[in-house]
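Chemist: My questions will all concern the structure given below.
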Protein chains: 2
Amino acid sequence: MSDAEHVSIWMRPERPARGPKPAYSRARITEAAVRIADAEGLEAATMRRIAADIGAGAMSLYRYVPSRDDLIQLMADRLMGEIDVEGMPSGDWRADLVRYADGLRAMWLRHPWIATANRALLGFGPNQLRLIEAVMGVLDPHLPIDENLGLMAVLHGYVEGAARDEVGWIEEVRRSGVGEDEWLARSRPYLRHLLESGEYPVFSRIALEANRPRMSRDQQFRYGLERVLDCIATSLPASLPPALPPG
Amino acid sequence: MSDAEHVSIWMRPERPARGPKPAYSRARITEAAVRIADAEGLEAATMRRIAADIGAGAMSLYRYVPSRDDLIQLMADRLMGEIDVEGMPSGDWRADLVRYADGLRAMWLRHPWIATANRALLGFGPNQLRLIEAVMGVLDPHLPIDENLGLMAVLHGYVEGAARDEVGWIEEVRRSGVGEDEWLARSRPYLRHLLESGEYPVFSRIALEANRPRMSRDQQFRYGLERVLDCIATSLPASLPPALPPG
DNA sequence: CACGACTGGGTACGTTGTACGCGGTCATGA
DNA sequence: TCATGACCGCGTACAACGTACCCAGTCGTG
């Protein structure tokens with residue numbers, strides 16, 4: 001009953017006052033879990049597997065973490081720590097936001113399983129809070145907090161949506177167990193059926209364009225990002241926007 | 001071996017040619033699964049539970065659906081069918097996109113569990129394809145397909161990101177088992193700790209603003225949406241944009 | 001009318017998260 | 001100094017899950 005009061009992992013202290021020295025730590029457990037999830041997906045990071053990885057018994061993990069769900073929250077916050085926002089209100093708001101967007105997307109591509117960790121986004125862990133301070137601090141001097149929140153929703157939504165698309169494809173192929181080429185080959189009959197039905201002209205155009213892509217994935221991402229930043233620029237007051245980017 | 005070739009549920013025909021009349025159908029199973037997920041979350045929609053709901057034995061479902069993952073894909077596409085895009089290239093591109101955005105967000109709020117269905121977005125089911133045709137058809141006459149895709153990524157990313165935030169909160173409270181007020185009350189000590197530490201000034205500003213919100217959730221969503229649409233408007237050629245919306 | 005492709009569904013297996021309880025350890029208060 | 005009890009690691013156990021396998025019954029087709 002006393003433990004049930006903690007509604008979030010961040011409210012529960014890792015170390016109690018008394019007792020013998022613990023052999024592991026939340027950080028070590030989280031590290032192992034992230035390593036496994038990177039290599040084989042989040043579903044492979046079971047409690048037993050993580051415990052075996054650090055040489056512990058399965059149930060020992062529950063001395064450090066109340067549930068697997070909370071552990072995943074710890075993992076997500078650890079990932080947020082990888083994003084470099086050092087010295088972030090630098091004066092050039094556009095450069096700052098590009099750096100944040102690129103860093104966030106790169107982190108997603110390094111850890112595709114983050115897309116399946118649903119509670120990753122709202123848990124106010126320390127790294128998440130650090131990101132909020134740094135990134136929202138960029139526009140904070142120029143905008144009321146309401147508008148800042150709205151514009152960040154647009155930026156963050158774009159980056160995460162784009163990353164989710166890329167990563168979803170990666171995970172789809174990984175989960176199917178066959179290689180990317182094989183996956184494409186097996187999908188071809190259905191694709192052909194869609195194209196030949198003639199009912200999906202726009203989709204057909206997309207599919208045919210995708211066969212000879214004129215923009216790399218990075219370029220596609222950058223195109224949309226610059227569009228979002230242009231949008232943000234028009235919402236700023238009479239500040240000096242940096243000239244259009246070198247694109 | 002012959003079945004394993006189907007890499008997607010949409011490539012697998014529901015009805016084979018011969019044999020006795022089946023008692024159920026994919027549509028009926030999907031309907032029951034959606035109803036359960038709406039009421040108790042996606043994790044409550046287990047195979048046994050769904051089967052019991054329609055009066056079938058647990059294993060009978062596998063005559064219609066190869067796996068639970070594929071069933072979830074069917075559920076997701078069924079949800080896409082709820083979004084009204086009738087007669088969608090209507091001539092007023094801005095009104096069309098607002099209608100789509102509102103419909104998508106409303107659908108998410110009706111079915112919060114969609115946030116946890118990770119493969120929902122890439123499975124080219126019939127309703128998904130119908131959406132693509134209608135929504136991308138709106139800007140298709142005015143833009144090359146590449147730019148259309150880029151702008152749709154911005155729009156879709158914003159709507160889905162905003163919906164995901166709202167829904168994540170709803171699901172967080174639901175999963176905690178306690179009511180919303182109780183959840184807030186239990187989080188207050190941690191929030192107070194964050195505020196009093198003085199390390200998170202921007203976050204503090206957000207938290208204090210949230211105590212006396214000047215915009216409803218709907219209004220917040222609309223603010224960002226209009227911003228995104230403004231952004232899209234500047235990317236259109238010399239077409240006639242409708243005047244700024246009644247906001 | 002016999003065949004065999006199909007049906008619904010019961011049984012069973014492997015894996016999961018985790019509740020519970022054991023014997024050992026160590027900071028603390030008498 | 002030493003007994004106390006809070007904490008440790010962890011083995012056992014259980015309920016619930018997805019689903020492989022098998023069976024007897026059904027029905028379109030030769």
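Residues are referred to by chain and number: the chain letter is A, B, ... according to the order shown in the structure tokens, the number counts from 1 in that chain, and ligands are numbered separately from 1 in the order shown.
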Report as a tab-separated table: every residue of chain B with an atom at most 9 Å from chain D, its closest pair of atoms, and their distance in Å to one decimal, counting only C-alpha atoms (C1' of nucleotides), with rows sorted by chain and ascending residue number.

Modeler:
```
residue	atom	partner	partner_atom	distance
B:Arg18	CA	D:DG28	C1'	6.1
B:Gly19	CA	D:DC27	C1'	6.0
B:Pro20	CA	D:DC27	C1'	5.2
B:Lys21	CA	D:DC27	C1'	8.2
B:Thr46	CA	D:DC17	C1'	7.9
B:Met47	CA	D:DG18	C1'	7.9
B:Met59	CA	D:DT19	C1'	8.1
B:Tyr62	CA	D:DT19	C1'	8.7
B:Ser67	CA	D:DG18	C1'	8.3
B:Arg68	CA	D:DG18	C1'	7.8
```

Chemist: Quick one: which residues from chain B are at most 8 Å off chain A, using only C-alpha atoms, as a ChimeraX atom specification?

Modeler: /B:5-8,10-11,115-116,118-119,121-122,129-130,132-133,136-137,140,145,150-151,153-162,165,168-169,172,176,183,186-187,190,200-203,205-206,220,223-224,227-228,230-231

Chemist: Which value, in Å to one decimal, gives the distance between atom CA of Leu79 of chain A and atom CA of Gly103 of chain A?

Modeler: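 Separation of atom CA of Leu79 of chain A and atom CA of Gly103 of chain A: 11.0 Å.
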
Chemist: Do you know which residues are at most 9 Å from Tyr64 of chain B counting only C-alpha atoms (C1' of nucleotides), after dropping those on the same chain fewer than 5 positions away, and could you put them as a PyMOL selection string?

Modeler: chain B and resi 14-15+24-26+29

Chemist: One decimal, in Å: what's the spacing between atom CA of Ile83 of chain A and atom CA of Ala95 of chain A?

Modeler: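 Calculated distance between atom CA of Ile83 of chain A and atom CA of Ala95 of chain A is 14.9 Å.
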
Chemist: Taking the chain letters and numbering used in this document, name the residues of segment 20-246 of chain B that DSSP puts in helix (DSSP H, G or I), as JSON, numbers by chain.

Modeler: {"B": [26, 27, 28, 29, 30, 31, 32, 33, 34, 35, 36, 37, 38, 39, 40, 42, 43, 44, 47, 48, 49, 50, 51, 52, 53, 58, 59, 60, 61, 62, 63, 68, 69, 70, 71, 72, 73, 74, 75, 76, 77, 78, 79, 80, 93, 94, 95, 96, 97, 98, 99, 100, 101, 102, 103, 104, 105, 106, 107, 108, 109, 110, 112, 113, 114, 115, 116, 118, 119, 120, 126, 127, 128, 129, 130, 131, 132, 133, 134, 135, 136, 137, 138, 139, 145, 146, 147, 148, 149, 150, 151, 152, 153, 154, 155, 156, 157, 158, 159, 160, 161, 162, 163, 164, 165, 166, 167, 168, 169, 170, 171, 172, 173, 174, 175, 176, 180, 181, 182, 183, 184, 185, 186, 187, 188, 189, 190, 191, 192, 193, 194, 195, 196, 197, 201, 202, 203, 204, 205, 206, 207, 208, 209, 210, 211, 217, 218, 219, 220, 221, 222, 223, 224, 225, 226, 227, 228, 229, 230, 231, 232, 233, 234, 235]}

Chemist: Atom CA of Ala56 of chain A and atom C1' of DT28 of chain C, how far apart in Å?

Modeler: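 Value for the atom C1' of DT28 of chain C-atom CA of Ala56 of chain A distance: 28.5 Å.
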
Chemist: Should the cut-off be 7 Å, what would the residue list for chain C against chain A look like, counting only C-alpha atoms (C1' of nucleotides), as a count of residues only?

Modeler: 3
